[in-house]
Amino acid sequence: MKVVTSLFLLAMLGACGGDAKPVTPTVLAASSPVIQATAAPTPDVAATVTAAVATAMAMNPPAPPAPTALPRPTATSVPTPEPEPPPLVIQMPQATATPVPANVSTDSAGSKEKVPDKYQLFFGCSGTGTVMFDQSPMDYDDFISIRPYGHLSGAHVTPIDHMYFNPMDRSLGRDVYEVRAIADGVIWRMSPRDRSVDSGKAKLREWRIDIAHTCSFHSYFDLLTSLSPDILTEWEKTEGEKNLGWNGIPIKSGQLIGRIGGQTLDFGVYDYEIVLEGFVFPEHYSREPWKIHTVDPFPYFNDEVRSRLLQKNLRKVEPYAGKIDYDIDGKLSGNWFEIDTNWFAGKDLQKYWDGHLSIVPNHIDPTAWMFSIGNWPTATTSSGADHFKIVNAEPSPSDMGVDNGLVKYELSNYKYCPEQQLTEREVVIGCKKGIGTIGTDVKLFALDAPSKEGGVALVQLIEPRLLKVEVFPGKKLSDVDSFTEDAKLYER
C-alpha cells in the first residue's frame, strides 16, 4: 500500500447534514438481457481499531485553574437535527510508514523530547503513541445522540471521517452547551470559519480545534460557535502564526474549550501511526491528510465514559464507531473519482466533491447500501450532490466485479425506523425522516421515489479500477437499458 510522504498538504473539511436516498439493481451481462434483482445482501463491514492502548507521553504544562461553567438555558424540546456544512483550508503534515530522523524539541516544562520530523508542524506537541481519554466532549445531558463515522451528507459524498454529537435542543440557539477537552494535550491549530462549504454563503463564525495529545495521536472538534475566553485571548496574540511566536496552547483534561449550539459538534480521533487498510490508494486523499488515519475513539475512553457514550451512539452493531474505508480492489464497493478531476482534492477548490462517487454500506444500518454522487443532475441541495439508498443491492457491491457486466441499481429516498416497525404503513406514517430519539436498532426503508427523488444508476466495471457510470433521475428500472453519451468514467 502506498503512503503519502509530503509534509505540506492543502485540505478542506466540511460537516453537513441532510437526508439521503436508495436503489434496486438488475444485472445485465455485457450482451445479455437484464436480470431482475430480487435479494438484498448484507455487506461485510470490517472491524476498526481495537488494539490495546499503549502508554503515552504525558503532557507537562502546569494545570490551569478549573474553568467556571457558564449558565445555560434548560433543554426543553428534542428536534430532529441535521448538521450544517463548514469549510476549511488547513496545512498538515503527513505521516509516513518509514521511520524518519527525529529533531529535539522542548516542552513547556523544559524537558527535551525527540519528535519525528514528520510531526514538526504539530506545534507544541511532545512524544508519540496513544493516550486514554477520561472525559466526554459534552455533558451526557447536553446531547441526544451520536452519529458515527461514515455518514453521507451534503458535500460529504464519501464517508465522513468524524462523528456528530447532536445537541439536546437546537432551538436554544448558539453557545448553549459546553465542549471540553477529553485529555491533556496541546491545541496546535485553531481555524475560524465564516462561510458554508456547500453554498459559500457567509455565516456566523465557527471554529475548528485540533488537539495533539501526543505528536501522533490527536482529537478534533469543529462547528464550535464560540471559544473559551482564555483560549481565544491566547490565540489572538499570534492567530496561529509561527513567526509571531505561536507554539500551541497547552490544555488539561476537562478544560472548557468552547461552546456549541443550534447545530451538531464534529468530533474525531486520528492516529498518525496508523493508515487505514480500506483505501486502495491512500495518497489520493492528501487534501484531507488526517482522513486515512481516522481511528475508533471508543477503545480509548475509560470504561465509564465509553459505556455512557455507546448508550447514545446510533449505530448498534460493530464497529460501533462506524467505518469510512470501504474500497475493495477489483469490486464496486468504496470510493471513486471521475477521471481527470484530481482524486479527492478535485479540480475546483470551492467544489472539490463534484467528481466524487461512493457506493458504501449505510453508517447506521450496514445491511443497506448507499449511492452517493457529487453531481446529481437534479439535485436540490446547494452542493449539487445527492445521496440515495440502493433499493435492492443485488449483486452486492462488495461482490460485483468485471465479470458481472452491466448492472442496474434502483435509487430511492429513505427513512430510518426502529427495526420493529416493519409494515409499510408504520414506515410511512410512524417514522420521521432523519434520526431523533431512536435508541434501538434501526433499519433503512426505501420510499416511493417521485420524479425529483431517486432514479436509476447504471454501473459497469470496465477494468478492476475503472468504472463506467450513468445516472437517470426519476427513471424506473424498466426505462433504462444501456449507457448513453452522458456516461462517465471513474477511477480509484
# chains A, B, ... in the order shown; residues from 1 in each chain; ligands from 1
$ closest_atom_pairs --of "region 120-227 of chain A" --to "region 263-279 of chain A" --cutoff "6 Å" --atoms "only C-alpha atoms" --output "CSV"
residue,atom,partner,partner_atom,distance
A:His162,CA,A:Gly268,CA,4.6
A:Met163,CA,A:Phe267,CA,5.1
A:Tyr164,CA,A:Asp266,CA,4.9
A:Phe165,CA,A:Leu265,CA,5.0
A:Asn166,CA,A:Thr264,CA,4.8
A:Ser216,CA,A:Tyr272,CA,4.9
A:Phe217,CA,A:Asp271,CA,4.6
A:His218,CA,A:Tyr270,CA,5.2
A:Ser219,CA,A:Val269,CA,4.4
A:Tyr220,CA,A:Gly268,CA,5.2
A:Phe221,CA,A:Phe267,CA,4.9
A:Asp222,CA,A:Asp266,CA,4.8
A:Leu223,CA,A:Leu265,CA,5.7
$ closest_atom_pairs --of "region 246-316 of chain A" --to "region 320-324 of chain A" --cutoff "8 Å" --atoms "only C-alpha atoms" --output "JSON lines"
{"residue": "A:Asp296", "atom": "CA", "partner": "A:Ala321", "partner_atom": "CA", "distance": 5.6}
{"residue": "A:Pro297", "atom": "CA", "partner": "A:Ala321", "partner_atom": "CA", "distance": 7.3}
{"residue": "A:Phe298", "atom": "CA", "partner": "A:Ala321", "partner_atom": "CA", "distance": 7.1}
{"residue": "A:Leu310", "atom": "CA", "partner": "A:Tyr320", "partner_atom": "CA", "distance": 7.7}
{"residue": "A:Asn313", "atom": "CA", "partner": "A:Tyr320", "partner_atom": "CA", "distance": 7.6}
{"residue": "A:Arg315", "atom": "CA", "partner": "A:Tyr320", "partner_atom": "CA", "distance": 5.7}
{"residue": "A:Lys316", "atom": "CA", "partner": "A:Tyr320", "partner_atom": "CA", "distance": 6.2}
$ write_last_selection --atoms "N, CA and C atoms" --output "PDB file, in the first residue's frame"
ATOM      1  N   ASP A 296     -11.192   4.506  15.593  1.00  0.00           N
ATOM      2  CA  ASP A 296     -12.315   4.353  16.503  1.00  0.00           C
ATOM      3  C   ASP A 296     -11.943   4.972  17.848  1.00  0.00           C
ATOM      4  N   PRO A 297     -12.674   5.993  18.325  1.00  0.00           N
ATOM      5  CA  PRO A 297     -12.307   6.618  19.596  1.00  0.00           C
ATOM      6  C   PRO A 297     -12.745   5.829  20.826  1.00  0.00           C
ATOM      7  N   PHE A 298     -13.756   4.962  20.685  1.00  0.00           N
ATOM      8  CA  PHE A 298     -14.341   4.331  21.871  1.00  0.00           C
ATOM      9  C   PHE A 298     -13.354   3.511  22.698  1.00  0.00           C
ATOM     10  N   LEU A 310     -21.682   5.016  24.343  1.00  0.00           N
ATOM     11  CA  LEU A 310     -22.265   3.995  23.483  1.00  0.00           C
ATOM     12  C   LEU A 310     -23.773   3.916  23.639  1.00  0.00           C
ATOM     13  N   ASN A 313     -24.993   6.268  21.141  1.00  0.00           N
ATOM     14  CA  ASN A 313     -24.489   6.074  19.793  1.00  0.00           C
ATOM     15  C   ASN A 313     -25.568   5.411  18.934  1.00  0.00           C
ATOM     16  N   ARG A 315     -25.434   3.800  16.107  1.00  0.00           N
ATOM     17  CA  ARG A 315     -25.098   2.512  15.493  1.00  0.00           C
ATOM     18  C   ARG A 315     -25.019   1.452  16.585  1.00  0.00           C
ATOM     19  N   LYS A 316     -25.749   0.357  16.402  1.00  0.00           N
ATOM     20  CA  LYS A 316     -25.837  -0.673  17.430  1.00  0.00           C
ATOM     21  C   LYS A 316     -25.168  -1.976  17.026  1.00  0.00           C
TER      22      LYS A 316
END
$ atom_distance --atom1 "CA of Met370 (chain A)" --atom2 "CA of Pro397 (chain A)"
9.9 Å
$ closest_residue --among "A:Phe133, A:Tyr416, A:Trp343, A:Tyr177" --to "Lys252 (chain A)" --atoms "only C-alpha atoms"
A:Phe133
$ closest_residue --among "A:His284, A:Arg170, A:His387, A:Arg306" --to "Pro137 (chain A)" --atoms "only C-alpha atoms"
A:Arg306
$ residues_around --residues "Ala379 (chain A)" --least-positions-apart "6" --cutoff "10 Å" --atoms "only C-alpha atoms" --output "PyMOL selection string"
chain A and resi 373+385-387+452-453+473
$ write_last_selection --atoms "C-alpha atoms" --output "short mmCIF file (atom, residue, chain, number, x, y, z; two decimals), in the first residue's frame"
data_model
loop_
_atom_site.label_atom_id
_atom_site.label_comp_id
_atom_site.auth_asym_id
_atom_site.auth_seq_id
_atom_site.Cartn_x
_atom_site.Cartn_y
_atom_site.Cartn_z
CA ILE A 373 -22.59 11.27 -6.12
CA ALA A 385 -24.51 16.37 -4.51
CA ASP A 386 -27.11 13.79 -3.56
CA HIS A 387 -27.35 10.52 -1.64
CA LYS A 452 -37.39 14.61 -8.41
CA GLU A 453 -36.05 12.00 -5.99
CA PRO A 473 -33.04 10.75 -12.24
#
$ atom_distance --atom1 "CA of Val407 (chain A)" --atom2 "CA of Leu458 (chain A)"
5.9 Å
$ atom_distance --atom1 "CA of Asn392 (chain A)" --atom2 "CA of Val456 (chain A)"
11.6 Å
$ residues_around --residues "Glu236 (chain A)" --least-positions-apart "3" --cutoff "12 Å" --atoms "only C-alpha atoms" --output "list in words"
Met190, Ser191, Pro192, Leu227, Pro229, Asp230, Ile231, Leu232, Thr233, Glu239, Gly240, Glu241, Leu244, Gly245, Trp246, Gly248 and Ile249 of chain A
$ write_last_selection --atoms "N, CA and C atoms" --output "mmCIF file, in the first residue's frame"
data_model
loop_
_atom_site.group_PDB
_atom_site.id
_atom_site.type_symbol
_atom_site.label_atom_id
_atom_site.label_comp_id
_atom_site.auth_asym_id
_atom_site.auth_seq_id
_atom_site.Cartn_x
_atom_site.Cartn_y
_atom_site.Cartn_z
ATOM 1 N N MET A 190 -5.963 26.293 15.405
ATOM 2 C CA MET A 190 -7.290 26.863 15.600
ATOM 3 C C MET A 190 -7.686 27.559 14.308
ATOM 4 N N SER A 191 -8.826 27.194 13.758
ATOM 5 C CA SER A 191 -9.212 27.701 12.441
ATOM 6 C C SER A 191 -10.613 28.292 12.478
ATOM 7 N N PRO A 192 -10.742 29.610 12.329
ATOM 8 C CA PRO A 192 -12.072 30.210 12.250
ATOM 9 C C PRO A 192 -12.693 29.989 10.879
ATOM 10 N N LEU A 227 -15.467 30.243 21.611
ATOM 11 C CA LEU A 227 -14.334 29.675 22.321
ATOM 12 C C LEU A 227 -14.297 30.167 23.756
ATOM 13 N N PRO A 229 -12.935 32.154 26.671
ATOM 14 C CA PRO A 229 -12.239 33.451 26.565
ATOM 15 C C PRO A 229 -10.724 33.351 26.727
ATOM 16 N N ASP A 230 -10.241 32.501 27.648
ATOM 17 C CA ASP A 230 -8.793 32.413 27.842
ATOM 18 C C ASP A 230 -8.098 31.807 26.621
ATOM 19 N N ILE A 231 -8.730 30.834 25.966
ATOM 20 C CA ILE A 231 -8.142 30.239 24.761
ATOM 21 C C ILE A 231 -8.179 31.228 23.605
ATOM 22 N N LEU A 232 -9.292 31.925 23.435
ATOM 23 C CA LEU A 232 -9.395 32.908 22.362
ATOM 24 C C LEU A 232 -8.372 34.026 22.543
ATOM 25 N N THR A 233 -8.204 34.505 23.768
ATOM 26 C CA THR A 233 -7.235 35.577 24.038
ATOM 27 C C THR A 233 -5.823 35.136 23.699
ATOM 28 N N GLU A 239 -2.581 34.584 16.289
ATOM 29 C CA GLU A 239 -3.503 33.995 15.323
ATOM 30 C C GLU A 239 -2.882 32.788 14.633
ATOM 31 N N GLY A 240 -2.123 32.022 15.406
ATOM 32 C CA GLY A 240 -1.554 30.788 14.905
ATOM 33 C C GLY A 240 -0.341 30.934 14.025
ATOM 34 N N GLU A 241 0.241 32.126 13.949
ATOM 35 C CA GLU A 241 1.405 32.357 13.087
ATOM 36 C C GLU A 241 2.697 32.019 13.835
ATOM 37 N N LEU A 244 5.204 34.699 14.625
ATOM 38 C CA LEU A 244 4.816 35.631 15.690
ATOM 39 C C LEU A 244 4.892 34.973 17.062
ATOM 40 N N GLY A 245 5.391 33.720 17.073
ATOM 41 C CA GLY A 245 5.600 33.043 18.352
ATOM 42 C C GLY A 245 4.615 31.944 18.678
ATOM 43 N N TRP A 246 3.733 31.598 17.745
ATOM 44 C CA TRP A 246 2.762 30.534 18.031
ATOM 45 C C TRP A 246 3.458 29.202 18.284
ATOM 46 N N GLY A 248 1.334 26.647 19.991
ATOM 47 C CA GLY A 248 0.238 25.876 20.540
ATOM 48 C C GLY A 248 -0.199 26.386 21.906
ATOM 49 N N ILE A 249 -1.346 25.860 22.380
ATOM 50 C CA ILE A 249 -1.891 26.236 23.687
ATOM 51 C C ILE A 249 -2.065 24.977 24.522
#
$ closest_residue --among "A:Arg287, A:Arg308, A:Lys351, A:His356" --to "Met138 (chain A)" --atoms "only C-alpha atoms"
A:Arg308
$ select_by_dssp --residues "region 209-339 of chain A" --states "helix (DSSP H, G or I)" --output "MDAnalysis selection string"
chainID A and resid 229:236 242:244 282:285 291:293 298:300 303:311
$ residues_around --residues "Phe337 (chain A)" --least-positions-apart "3" --cutoff "10 Å" --atoms "only C-alpha atoms" --output "number ranges by chain"
A: 284, 340-346, 353-358, 373-374, 466-467, 489-492
$ select_by_dssp --residues "region 281-379 of chain A" --states "strand (DSSP E or B)" --output "list in words"
Thr294, Phe301, Asn313, Gly322, Gly334, Asn335, Trp336, Phe337, Glu338, His356, Leu357, Ser358, Ile359, Val360, Pro361, Trp369, Met370, Phe371, Ser372 and Ile373 of chain A
$ write_last_selection --atoms "N, CA and C atoms" --output "compact mmCIF listing (two decimals), in the first residue's frame"
# COMPACT_ATOMS: atom_id res chain seq x y z
N THR A 294 -7.92 7.98 10.51
CA THR A 294 -9.09 8.02 11.39
C THR A 294 -9.20 6.71 12.16
N PHE A 301 -11.54 5.64 25.44
CA PHE A 301 -12.24 6.20 26.59
C PHE A 301 -12.25 5.18 27.72
N ASN A 313 -24.99 6.27 21.14
CA ASN A 313 -24.49 6.07 19.79
C ASN A 313 -25.57 5.41 18.93
N GLY A 322 -18.53 3.11 13.51
CA GLY A 322 -18.69 3.22 12.08
C GLY A 322 -17.38 2.97 11.35
N GLY A 334 -16.88 1.03 -2.39
CA GLY A 334 -15.91 2.03 -1.97
C GLY A 334 -16.05 3.36 -2.69
N ASN A 335 -14.96 4.13 -2.69
CA ASN A 335 -14.93 5.47 -3.27
C ASN A 335 -14.35 5.46 -4.68
N TRP A 336 -14.91 6.36 -5.51
CA TRP A 336 -14.44 6.51 -6.88
C TRP A 336 -14.35 8.00 -7.22
N PHE A 337 -13.47 8.32 -8.17
CA PHE A 337 -13.27 9.71 -8.59
C PHE A 337 -13.32 9.80 -10.10
N GLU A 338 -14.11 10.75 -10.58
CA GLU A 338 -14.21 10.92 -12.03
C GLU A 338 -12.82 11.17 -12.61
N HIS A 356 -16.74 13.28 -7.10
CA HIS A 356 -16.72 12.16 -6.16
C HIS A 356 -17.90 11.22 -6.38
N LEU A 357 -17.70 9.95 -6.07
CA LEU A 357 -18.74 8.93 -6.10
C LEU A 357 -18.40 7.89 -5.04
N SER A 358 -19.40 7.46 -4.28
CA SER A 358 -19.17 6.37 -3.34
C SER A 358 -20.37 5.44 -3.32
N ILE A 359 -20.07 4.15 -3.19
CA ILE A 359 -21.08 3.11 -3.08
C ILE A 359 -20.68 2.28 -1.86
N VAL A 360 -21.34 2.53 -0.75
CA VAL A 360 -20.87 2.04 0.54
C VAL A 360 -22.05 1.63 1.42
N PRO A 361 -21.80 0.81 2.46
CA PRO A 361 -22.86 0.49 3.42
C PRO A 361 -23.27 1.74 4.21
N TRP A 369 -27.19 -0.50 1.42
CA TRP A 369 -26.13 0.10 0.61
C TRP A 369 -26.57 1.47 0.11
N MET A 370 -25.61 2.40 0.05
CA MET A 370 -25.87 3.77 -0.36
C MET A 370 -25.17 4.07 -1.69
N PHE A 371 -25.78 4.98 -2.44
CA PHE A 371 -25.19 5.50 -3.67
C PHE A 371 -25.10 7.01 -3.50
N SER A 372 -23.88 7.55 -3.54
CA SER A 372 -23.65 8.97 -3.28
C SER A 372 -22.82 9.56 -4.41
N ILE A 373 -23.27 10.69 -4.96
CA ILE A 373 -22.59 11.27 -6.12
C ILE A 373 -22.52 12.78 -5.99
